[in-house]
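**Student:** The structure follows.
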Amino acid sequence: MGFDPGLINTGWGVLQKNDKLETCIDYGCISTSKNDHLGVRLKKIYEESLFLLRKYTPNCIAVEKIFANKNPESTMKLGKARAMIFLVAAKENVDIFEYSPNTVKKNLVGYGHATKLQILKMLERIFPNLKIDDENAADALAVAMCHSMQKGSKIFLRE
């Protein structure tokens with residue numbers, strides 16, 4: 001299961017791997033309102049993430065690593081959203097793996113500075129029956145695919 005954490009939108013995606021074939025089980029986005037207090041927003045991310053982990057019972061989750069924004073306050077808010085995912089995983093005893101955005105892009109597209117459109121196009125090639133219309137869910141699926149590719153390889157990319 002992959003997560004692309006964010007305070008406004010937290011993307012998620014569930015993959016199942018059989019041998020070398022990945023199947024997309026489900027994906028979506030946890031959205032919070034900018035009008036709600038921070039605590040209310042974090043609670044929603046926590047509760048919905050917990051529901052998803054209990055529903056799909058993944059053996060691990062992959063999360064996109066945080067990157068420094070120009071605005072320190074935005075970085076702190078992103079960190080708090082990520083903390084909810086980590087707390088849920090710890091509560092459910094699910095292993096957590098982190099990947100930098102460049103590693104995700106390099107694994108999926110072959111280029112560490114790929115655009116969101118390139119990621120989306122590659123996901124559509126891998127899963128031709130999906131029509132992913134949410135970039136946060138697409139990013140979460142890309143993180144999940146990255147983890148699957150990393151675990152299937154004997155060579156792990158360095159950050």
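Residues in the structure tokens are numbered from 1 in each chain, the chains being A, B, ... in the order shown, and ligands are numbered from 1 in the order shown.
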Could you give me, as JSON, numbers by chain, each residue of chain A that DSSP assigns to strand (DSSP E or B) when run on this structure's backbone?
**Tutor:** {"A": [2, 3, 4, 9, 10, 11, 12, 13, 14, 15, 16, 17, 18, 21, 22, 23, 24, 25, 26, 27, 28, 29, 30, 31, 60, 61, 62, 63, 64, 95, 96, 97, 98, 99]}
**Student:** Using only C-alpha atoms, determine which residues lie at most 12 Å from Asn18 in chain A, disregarding the query and same-chain residues fewer than 4 positions distant; provide the list as a list of chain:residue names.
**Tutor:** A:Glu22, A:Thr23, A:Cys24, A:Ser148, A:Gly152
**Student:** Mind checking which residues fall within 10 Å of Ala83 in chain A, counting only C-alpha atoms, ignoring those fewer than 4 positions away in the same chain, and posting them as an MDAnalysis selection string?
**Tutor:** chainID A and resid 5 42 45:46 77:79 87:89
**Student:** Next, dump the selected residues to file, keeping only all heavy atoms, as an mmCIF file, in the first residue's frame.
**Tutor:**
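As a result, out17.cif now contains:
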data_model
loop_
_atom_site.group_PDB
_atom_site.id
_atom_site.type_symbol
_atom_site.label_atom_id
_atom_site.label_comp_id
_atom_site.auth_asym_id
_atom_site.auth_seq_id
_atom_site.Cartn_x
_atom_site.Cartn_y
_atom_site.Cartn_z
ATOM 1 N N PRO A 5 1.375 11.481 1.453
ATOM 2 C CA PRO A 5 0.749 12.287 2.492
ATOM 3 C C PRO A 5 0.699 13.778 2.166
ATOM 4 O O PRO A 5 1.607 14.322 1.555
ATOM 5 C CB PRO A 5 1.647 12.069 3.716
ATOM 6 C CG PRO A 5 2.548 10.953 3.376
ATOM 7 C CD PRO A 5 2.632 10.894 1.893
ATOM 8 N N LEU A 42 -6.100 16.438 10.982
ATOM 9 C CA LEU A 42 -5.207 15.320 11.299
ATOM 10 C C LEU A 42 -5.998 14.102 11.770
ATOM 11 O O LEU A 42 -5.670 12.966 11.426
ATOM 12 C CB LEU A 42 -4.182 15.736 12.352
ATOM 13 C CG LEU A 42 -3.181 16.795 11.904
ATOM 14 C CD1 LEU A 42 -2.321 17.248 13.079
ATOM 15 C CD2 LEU A 42 -2.310 16.293 10.757
ATOM 16 N N ILE A 45 -7.333 12.303 8.716
ATOM 17 C CA ILE A 45 -6.280 11.519 8.051
ATOM 18 C C ILE A 45 -6.005 10.253 8.846
ATOM 19 O O ILE A 45 -5.902 9.162 8.288
ATOM 20 C CB ILE A 45 -5.000 12.364 7.870
ATOM 21 C CG1 ILE A 45 -5.251 13.512 6.895
ATOM 22 C CG2 ILE A 45 -3.833 11.489 7.400
ATOM 23 C CD1 ILE A 45 -4.161 14.575 6.870
ATOM 24 N N TYR A 46 -5.914 10.391 10.157
ATOM 25 C CA TYR A 46 -5.665 9.242 11.019
ATOM 26 C C TYR A 46 -6.779 8.201 10.885
ATOM 27 O O TYR A 46 -6.522 7.020 10.631
ATOM 28 C CB TYR A 46 -5.536 9.693 12.481
ATOM 29 C CG TYR A 46 -5.438 8.537 13.441
ATOM 30 C CD1 TYR A 46 -4.217 7.913 13.682
ATOM 31 C CD2 TYR A 46 -6.571 8.061 14.087
ATOM 32 C CE1 TYR A 46 -4.133 6.840 14.545
ATOM 33 C CE2 TYR A 46 -6.485 6.982 14.956
ATOM 34 C CZ TYR A 46 -5.275 6.372 15.174
ATOM 35 O OH TYR A 46 -5.196 5.305 16.025
ATOM 36 N N LYS A 77 3.460 21.217 8.403
ATOM 37 C CA LYS A 77 2.117 20.656 8.220
ATOM 38 C C LYS A 77 2.188 19.324 7.491
ATOM 39 O O LYS A 77 1.487 18.370 7.843
ATOM 40 C CB LYS A 77 1.222 21.645 7.472
ATOM 41 C CG LYS A 77 0.812 22.828 8.313
ATOM 42 C CD LYS A 77 -0.045 23.794 7.524
ATOM 43 C CE LYS A 77 -0.456 24.985 8.374
ATOM 44 N NZ LYS A 77 -1.240 25.968 7.622
ATOM 45 N N LEU A 78 3.029 19.252 6.475
ATOM 46 C CA LEU A 78 3.212 17.993 5.754
ATOM 47 C C LEU A 78 3.749 16.924 6.697
ATOM 48 O O LEU A 78 3.304 15.774 6.676
ATOM 49 C CB LEU A 78 4.167 18.191 4.570
ATOM 50 C CG LEU A 78 4.529 16.952 3.772
ATOM 51 C CD1 LEU A 78 3.300 16.284 3.184
ATOM 52 C CD2 LEU A 78 5.516 17.321 2.669
ATOM 53 N N GLY A 79 4.685 17.309 7.552
ATOM 54 C CA GLY A 79 5.235 16.369 8.525
ATOM 55 C C GLY A 79 4.179 15.833 9.473
ATOM 56 O O GLY A 79 4.201 14.653 9.843
ATOM 57 N N LEU A 87 1.823 6.737 12.506
ATOM 58 C CA LEU A 87 1.164 6.303 13.727
ATOM 59 C C LEU A 87 0.210 5.144 13.442
ATOM 60 O O LEU A 87 0.192 4.150 14.176
ATOM 61 C CB LEU A 87 0.409 7.476 14.362
ATOM 62 C CG LEU A 87 -0.349 7.173 15.656
ATOM 63 C CD1 LEU A 87 0.595 6.659 16.740
ATOM 64 C CD2 LEU A 87 -1.069 8.432 16.126
ATOM 65 N N VAL A 88 -0.563 5.263 12.395
ATOM 66 C CA VAL A 88 -1.492 4.195 12.018
ATOM 67 C C VAL A 88 -0.723 2.907 11.706
ATOM 68 O O VAL A 88 -1.105 1.824 12.161
ATOM 69 C CB VAL A 88 -2.367 4.631 10.816
ATOM 70 C CG1 VAL A 88 -3.068 3.453 10.184
ATOM 71 C CG2 VAL A 88 -3.380 5.673 11.253
ATOM 72 N N ALA A 89 0.344 3.029 10.940
ATOM 73 C CA ALA A 89 1.142 1.844 10.596
ATOM 74 C C ALA A 89 1.717 1.200 11.855
ATOM 75 O O ALA A 89 1.686 -0.033 12.003
ATOM 76 C CB ALA A 89 2.252 2.217 9.623
#
**Student:** Under the rule that only C-alpha atoms are counted, which of A:Ile61, A:Leu38, A:Leu15, A:Met84 is the nearest residue to Glu98 in chain A?
**Tutor:** A:Ile61
**Student:** To one decimal in Å, tell me the separation between CA of Ala140 in chain A and CA of Lys70 in chain A.
**Tutor:**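 Straight-line distance from CA of Ala140 in chain A to CA of Lys70 in chain A works out to 22.9 Å.
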**Student:** I need the residue nearest Thr57 in chain A from this list: A:Ile96, A:Val109, A:Met1, A:Met145. Use only C-alpha atoms for the distance.
**Tutor:**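 Using only C-alpha atoms, Thr57 in chain A sits closest to A:Met1.
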**Student:** Choose the residue, out of A:Asp133, A:Glu64, A:Glu124, A:Asp19, that has the smallest atom-to-atom separation from Ala81 in chain A; count only C-alpha atoms.
**Tutor:**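 Once distances to Ala81 in chain A are computed over only C-alpha atoms, the minimum belongs to A:Glu64.
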**Student:** Nearest residue to Gln118 in chain A out of A:Tyr99, A:Lys131, A:Lys151, A:Ala142, using only C-alpha atoms?
**Tutor:** A:Ala142
**Student:** Rank A:Ala137, A:Ser74, A:Leu7, A:Met122 by their smallest atom-to-atom distance to Lys43 in chain A, using only C-alpha atoms, and report the top residue only.
**Tutor:** A:Leu7
**Student:** Could you check how far CA of Val63 in chain A sits from CA of Ala144 in chain A, in Å to one decimal?
**Tutor:**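 So the answer is 8.0 Å.
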